[in-house]
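Reviewing the structure listed below.
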Amino acid sequence: MTQAVRHEEMRARNLEVVLGAVSRGGPLTRAALAEVTGLTKSTVSKLVGDLVDAGLLAETGPARAGERGRPGVAVVLSGARVASLGLEINVDYLAVRVLDLTGEVRFAARRERDNRGSRPKKVLGELQDLATEALAETHRLGLEVAGAVLAVSGPVGDGVLFSAPNLGWQDVRPADLLRLPVPVELDNEANLAALGEFWYGDGERDFLYVSGEIGIGAGLVVGGALYSGASGLAGELGHVVVAPEGSPCSCGGSGCLETYAGQEALLAAGNAVSVPALLTALEGGDETALAACASAGRALGIALTSAVNLLDLDRIVLGGVFTQLYPWLSGPVAEVLAARLGGLRGAPPLLSASRLGGDAATLGAAGRVVHRVLADPAPFVTRAS
């Protein structure tokens, strides 16, 4: 019995090694995989066959030039079997996204909705409608959903959304209110957006991702892994104080970054009714809109100065609505960083706009399930055999 268990553990580990090698460097032939993984050719051939039969790998054309002997058939990740579901509840919208194992988007939907003051059950009921639509389409495509992750705006732990001041929610278990046929995991929106940026954006391994929405959050990626803090509550950049005697914040404090650079603060200062209206005003050179962005950028720069001094950051990515506003925000942010960090650092960190914009959180949420399958494909191989 013990020997059989060890054999299954070794097989599971080898399946992970082979699938991981293809996901990082594919397409690869069986011979190339044997060389990359250090496994024997016969072992690799059997593992690849199992992964192809399970729909996790697919054979493609002849090997690229450079391999000796008769050209082999290369294998790549397959998007034909496994999918993942990313969900998001934000203050002013709901969103869902389905990815297959290759990272291709197979379904996406977003519903604009003011969720402030709405009961969790009502909001999650509408999200369930979107998720059900996504699952129906996934089933139509012949895909099996391996799991779902829900992104929410606020600190979370053990399936509990502890506090979401902009929603008016406290100590809510969102997954318990979603009746879906797949397990649902909960995490912070900015954390998942940071992972989405890492996996599907520019691929940098060390950066601070700043999520600009009605609230402002941050996700820290270090060495290609998310840093969540001792209790998973790291990243509440929006409640860093930038003006101690400033405006009251929904968190109960005052002078928080959110009250100066959050979406509602920007719209109010820019005399705009929506982000598209603010963008139109900025593109037209409206002085009120330009001044609002400059002021928000300076406040953001002050908060980020503290983050850089504490964490020694080399790269900052601005996401969410900050991506759209980047041409007008980035200058003031960079000026403050340069002025305040010049004495301690040779140069301020590199500042860039997210490549994913408002899609980052659902991509990160769905991507977490994808990477979990890549790290442990054995259950899907067993299920298919």
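Letters for chains follow the order of the structure tokens (A, B, ...), residue numbers begin at 1 for each chain, and ligand numbers begin at 1 in the order shown.
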Can you tell me which residues surround range 77-94 of chain A at a distance of at most 7 Å, considering only C-alpha atoms, apart from same-chain residues fewer than 3 positions away, and format the answer as a CSV table (one decimal) with N, CA and C atoms, in the first residue's frame?
```csv
chain,number,residue,atom,x,y,z
A,22,VAL,N,6.0,22.6,-20.3
A,22,VAL,CA,5.3,23.0,-21.5
A,22,VAL,C,4.7,24.4,-21.4
A,23,SER,N,4.1,24.6,-20.2
A,23,SER,CA,3.4,25.9,-20.0
A,23,SER,C,4.4,27.1,-20.0
A,55,GLY,N,-6.8,15.9,-22.1
A,55,GLY,CA,-7.2,17.2,-22.7
A,55,GLY,C,-6.4,18.4,-22.1
A,56,LEU,N,-5.3,18.1,-21.4
A,56,LEU,CA,-4.5,19.2,-20.9
A,56,LEU,C,-3.3,19.6,-21.8
A,57,LEU,N,-2.9,18.7,-22.7
A,57,LEU,CA,-1.9,19.0,-23.7
A,57,LEU,C,-2.5,18.6,-25.0
A,58,ALA,N,-2.0,19.2,-26.1
A,58,ALA,CA,-2.4,18.9,-27.5
A,58,ALA,C,-1.2,18.8,-28.3
A,97,ARG,N,-15.5,36.4,-15.9
A,97,ARG,CA,-14.5,36.1,-17.0
A,97,ARG,C,-14.2,34.6,-16.9
A,98,VAL,N,-14.2,33.9,-18.1
A,98,VAL,CA,-13.8,32.5,-18.2
A,98,VAL,C,-12.5,32.4,-19.0
A,99,LEU,N,-11.5,31.7,-18.4
A,99,LEU,CA,-10.3,31.4,-19.1
A,99,LEU,C,-10.1,29.9,-19.3
A,100,ASP,N,-9.5,29.5,-20.4
A,100,ASP,CA,-9.1,28.1,-20.6
A,100,ASP,C,-7.7,28.0,-20.1
A,101,LEU,N,-7.2,26.8,-20.2
A,101,LEU,CA,-5.8,26.5,-19.6
A,101,LEU,C,-4.7,27.3,-20.3
A,102,THR,N,-4.9,27.7,-21.5
A,102,THR,CA,-3.9,28.5,-22.2
A,102,THR,C,-4.0,30.0,-21.9
A,110,ARG,N,-19.8,42.1,-18.2
A,110,ARG,CA,-19.7,43.1,-17.2
A,110,ARG,C,-21.0,43.9,-17.1
A,111,ARG,N,-21.5,44.1,-15.9
A,111,ARG,CA,-22.8,44.8,-15.7
A,111,ARG,C,-22.5,46.0,-14.8
A,112,GLU,N,-22.8,47.2,-15.3
A,112,GLU,CA,-22.7,48.4,-14.6
A,112,GLU,C,-23.8,48.4,-13.5
A,113,ARG,N,-23.4,48.7,-12.3
A,113,ARG,CA,-24.4,48.6,-11.2
A,113,ARG,C,-23.9,49.4,-10.0
A,114,ASP,N,-24.6,50.3,-9.4
A,114,ASP,CA,-24.2,50.9,-8.2
A,114,ASP,C,-24.5,50.0,-7.0
A,115,ASN,N,-23.5,49.4,-6.4
A,115,ASN,CA,-23.7,48.5,-5.4
A,115,ASN,C,-23.6,49.1,-4.0
A,116,ARG,N,-23.4,50.4,-3.9
A,116,ARG,CA,-23.4,51.0,-2.5
A,116,ARG,C,-24.7,50.9,-1.8
A,127,LEU,N,-24.8,38.7,-9.4
A,127,LEU,CA,-23.5,38.1,-9.8
A,127,LEU,C,-23.8,36.7,-10.2
A,142,GLY,N,-17.9,22.7,-24.2
A,142,GLY,CA,-17.3,21.5,-23.8
A,142,GLY,C,-16.2,21.6,-22.8
A,143,LEU,N,-16.2,22.6,-22.0
A,143,LEU,CA,-15.1,22.9,-21.1
A,143,LEU,C,-15.6,22.5,-19.6
A,144,GLU,N,-14.7,22.0,-18.8
A,144,GLU,CA,-15.0,21.7,-17.4
A,144,GLU,C,-14.4,22.8,-16.6
A,145,VAL,N,-15.3,23.5,-15.8
A,145,VAL,CA,-14.8,24.5,-14.9
A,145,VAL,C,-14.2,23.9,-13.6
A,146,ALA,N,-12.9,24.2,-13.4
A,146,ALA,CA,-12.2,23.6,-12.3
A,146,ALA,C,-12.4,24.3,-11.0
A,147,GLY,N,-12.9,25.6,-11.0
A,147,GLY,CA,-13.1,26.3,-9.8
A,147,GLY,C,-13.4,27.8,-10.1
A,148,ALA,N,-13.7,28.6,-9.1
A,148,ALA,CA,-14.0,30.0,-9.3
A,148,ALA,C,-13.3,30.8,-8.2
A,149,VAL,N,-12.9,32.0,-8.5
A,149,VAL,CA,-12.4,32.9,-7.5
A,149,VAL,C,-13.1,34.2,-7.6
A,150,LEU,N,-13.5,34.8,-6.5
A,150,LEU,CA,-14.3,36.0,-6.4
A,150,LEU,C,-13.4,37.2,-5.9
A,151,ALA,N,-13.3,38.2,-6.6
A,151,ALA,CA,-12.5,39.4,-6.2
A,151,ALA,C,-13.5,40.4,-5.6
A,152,VAL,N,-13.1,40.9,-4.4
A,152,VAL,CA,-13.9,41.9,-3.7
A,152,VAL,C,-13.0,43.1,-3.3
A,153,SER,N,-13.6,44.2,-3.1
A,153,SER,CA,-12.9,45.4,-2.6
A,153,SER,C,-12.9,45.5,-1.1
A,166,ASN,N,-16.9,51.2,1.2
A,166,ASN,CA,-17.6,51.8,0.0
A,166,ASN,C,-18.9,51.1,-0.4
A,167,LEU,N,-19.0,49.8,0.0
A,167,LEU,CA,-20.2,49.0,-0.2
A,167,LEU,C,-21.1,49.1,1.0
A,214,ILE,N,-13.3,53.4,-7.2
A,214,ILE,CA,-13.8,54.3,-6.2
A,214,ILE,C,-13.0,54.2,-4.9
A,362,THR,N,-10.4,40.2,-12.8
A,362,THR,CA,-11.1,38.9,-13.2
A,362,THR,C,-10.1,38.0,-13.9
A,363,LEU,N,-9.1,38.6,-14.6
A,363,LEU,CA,-8.0,37.8,-15.1
A,363,LEU,C,-7.2,37.1,-14.1
A,365,ALA,N,-8.2,36.5,-11.0
A,365,ALA,CA,-9.1,35.5,-10.3
A,365,ALA,C,-9.2,34.2,-11.1
A,366,ALA,N,-9.5,34.3,-12.4
A,366,ALA,CA,-9.5,33.1,-13.2
A,366,ALA,C,-8.2,32.4,-13.3
A,369,VAL,N,-7.0,29.9,-10.6
A,369,VAL,CA,-7.5,28.5,-10.8
A,369,VAL,C,-6.7,27.8,-11.9
A,370,VAL,N,-6.4,28.5,-13.0
A,370,VAL,CA,-5.6,27.9,-14.1
A,370,VAL,C,-4.2,27.5,-13.5
```
Listing only residues of range 108-191 of chain A within 12 Å of range 313-328 of chain A, what is the closest atom pair and its distance in Å (to one decimal) for each, using only C-alpha atoms, sorted by chain and residue number ascending, as JSON lines?
```
{"residue": "A:Glu189", "atom": "CA", "partner": "A:Gly320", "partner_atom": "CA", "distance": 10.5}
{"residue": "A:Ala190", "atom": "CA", "partner": "A:Gly319", "partner_atom": "CA", "distance": 9.1}
{"residue": "A:Asn191", "atom": "CA", "partner": "A:Gly319", "partner_atom": "CA", "distance": 11.8}
```
TODO: Please provide the set of residues having any atom within 6 Å of range 203-207 of chain A, restricted to only C-alpha atoms, with same-chain residues fewer than 5 positions apart removed, written as a PyMOL selection string.
DONE: chain A and resi 198+221-224+315-316
TODO: Could you jot down the CA of Ala261 in chain A to CA of Ala296 in chain A separation for me, Å, one decimal place?
DONE: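 Computing the Euclidean distance for CA of Ala261 in chain A and CA of Ala296 in chain A yields 4.4 Å.
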TODO: Using backbone DSSP assignments, extract all helix (DSSP H, G or I) residues from range 116-360 of chain A; output them as a ChimeraX atom specification.
DONE: /A:120-140,174-177,189-200,237-239,258-261,263-269,275-283,287-311,321-324,326-341,357-360
TODO: For Leu15 in chain A, work out the shell of residues within 8 Å, counting only C-alpha atoms and skipping chain neighbours fewer than 3 positions away, then give it as a ChimeraX atom specification.
DONE: /A:11-12,18-19,47,51,376-378
Go ahead and dump the residues you just picked, all heavy atoms, as a short mmCIF file (atom, residue, chain, number, x, y, z; two decimals), in the first residue's frame.
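Here's the written file out_0.cif:
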```
data_model
loop_
_atom_site.label_atom_id
_atom_site.label_comp_id
_atom_site.auth_asym_id
_atom_site.auth_seq_id
_atom_site.Cartn_x
_atom_site.Cartn_y
_atom_site.Cartn_z
N ARG A 11 4.14 10.02 -9.54
CA ARG A 11 3.49 10.26 -10.83
C ARG A 11 2.84 11.64 -10.87
O ARG A 11 2.96 12.36 -11.86
CB ARG A 11 2.44 9.18 -11.08
CG ARG A 11 1.66 9.36 -12.39
CD ARG A 11 0.76 8.16 -12.63
NE ARG A 11 -0.05 8.33 -13.81
CZ ARG A 11 -1.25 8.91 -13.83
NH1 ARG A 11 -1.77 9.40 -12.70
NH2 ARG A 11 -1.93 9.03 -14.96
N ALA A 12 2.18 12.02 -9.78
CA ALA A 12 1.55 13.34 -9.72
C ALA A 12 2.60 14.44 -9.85
O ALA A 12 2.40 15.44 -10.56
CB ALA A 12 0.78 13.51 -8.41
N VAL A 18 6.14 17.97 -16.08
CA VAL A 18 5.99 17.98 -17.54
C VAL A 18 5.04 19.08 -17.99
O VAL A 18 5.35 19.85 -18.92
CB VAL A 18 5.51 16.60 -18.05
CG1 VAL A 18 5.12 16.68 -19.52
CG2 VAL A 18 6.61 15.56 -17.85
N LEU A 19 3.88 19.17 -17.35
CA LEU A 19 2.91 20.20 -17.74
C LEU A 19 3.49 21.59 -17.51
O LEU A 19 3.30 22.50 -18.33
CB LEU A 19 1.61 20.02 -16.96
CG LEU A 19 0.43 20.87 -17.43
CD1 LEU A 19 0.03 20.52 -18.85
CD2 LEU A 19 -0.76 20.70 -16.49
N LEU A 47 3.80 10.09 -19.70
CA LEU A 47 3.16 11.23 -19.06
C LEU A 47 2.49 12.14 -20.08
O LEU A 47 1.36 12.61 -19.87
CB LEU A 47 4.19 12.03 -18.25
CG LEU A 47 4.79 11.31 -17.03
CD1 LEU A 47 5.98 12.09 -16.50
CD2 LEU A 47 3.75 11.14 -15.94
N LEU A 51 -1.45 13.17 -20.40
CA LEU A 51 -1.89 14.57 -20.40
C LEU A 51 -2.65 14.92 -21.68
O LEU A 51 -3.60 15.71 -21.65
CB LEU A 51 -0.69 15.49 -20.23
CG LEU A 51 -0.05 15.48 -18.83
CD1 LEU A 51 1.33 16.13 -18.85
CD2 LEU A 51 -0.95 16.21 -17.82
N ASP A 376 -1.08 21.08 -10.26
CA ASP A 376 -1.56 19.77 -9.79
C ASP A 376 -2.53 19.19 -10.80
O ASP A 376 -3.75 19.14 -10.57
CB ASP A 376 -2.22 19.91 -8.42
CG ASP A 376 -2.62 18.56 -7.82
OD1 ASP A 376 -2.08 17.53 -8.27
OD2 ASP A 376 -3.49 18.54 -6.92
N PRO A 377 -2.02 18.72 -11.94
CA PRO A 377 -2.92 18.19 -12.98
C PRO A 377 -3.40 16.77 -12.72
O PRO A 377 -4.32 16.30 -13.40
CB PRO A 377 -2.03 18.22 -14.23
CG PRO A 377 -0.63 18.05 -13.71
CD PRO A 377 -0.62 18.76 -12.38
N ALA A 378 -2.82 16.08 -11.74
CA ALA A 378 -3.13 14.66 -11.53
C ALA A 378 -4.63 14.36 -11.39
O ALA A 378 -5.11 13.38 -11.98
CB ALA A 378 -2.36 14.13 -10.32
#
```
Open item on the list: Report, in Å with one decimal, the straight-line distance from CA of Leu282 in chain A to CA of Leu267 in chain A.
Closed with: 11.6 Å
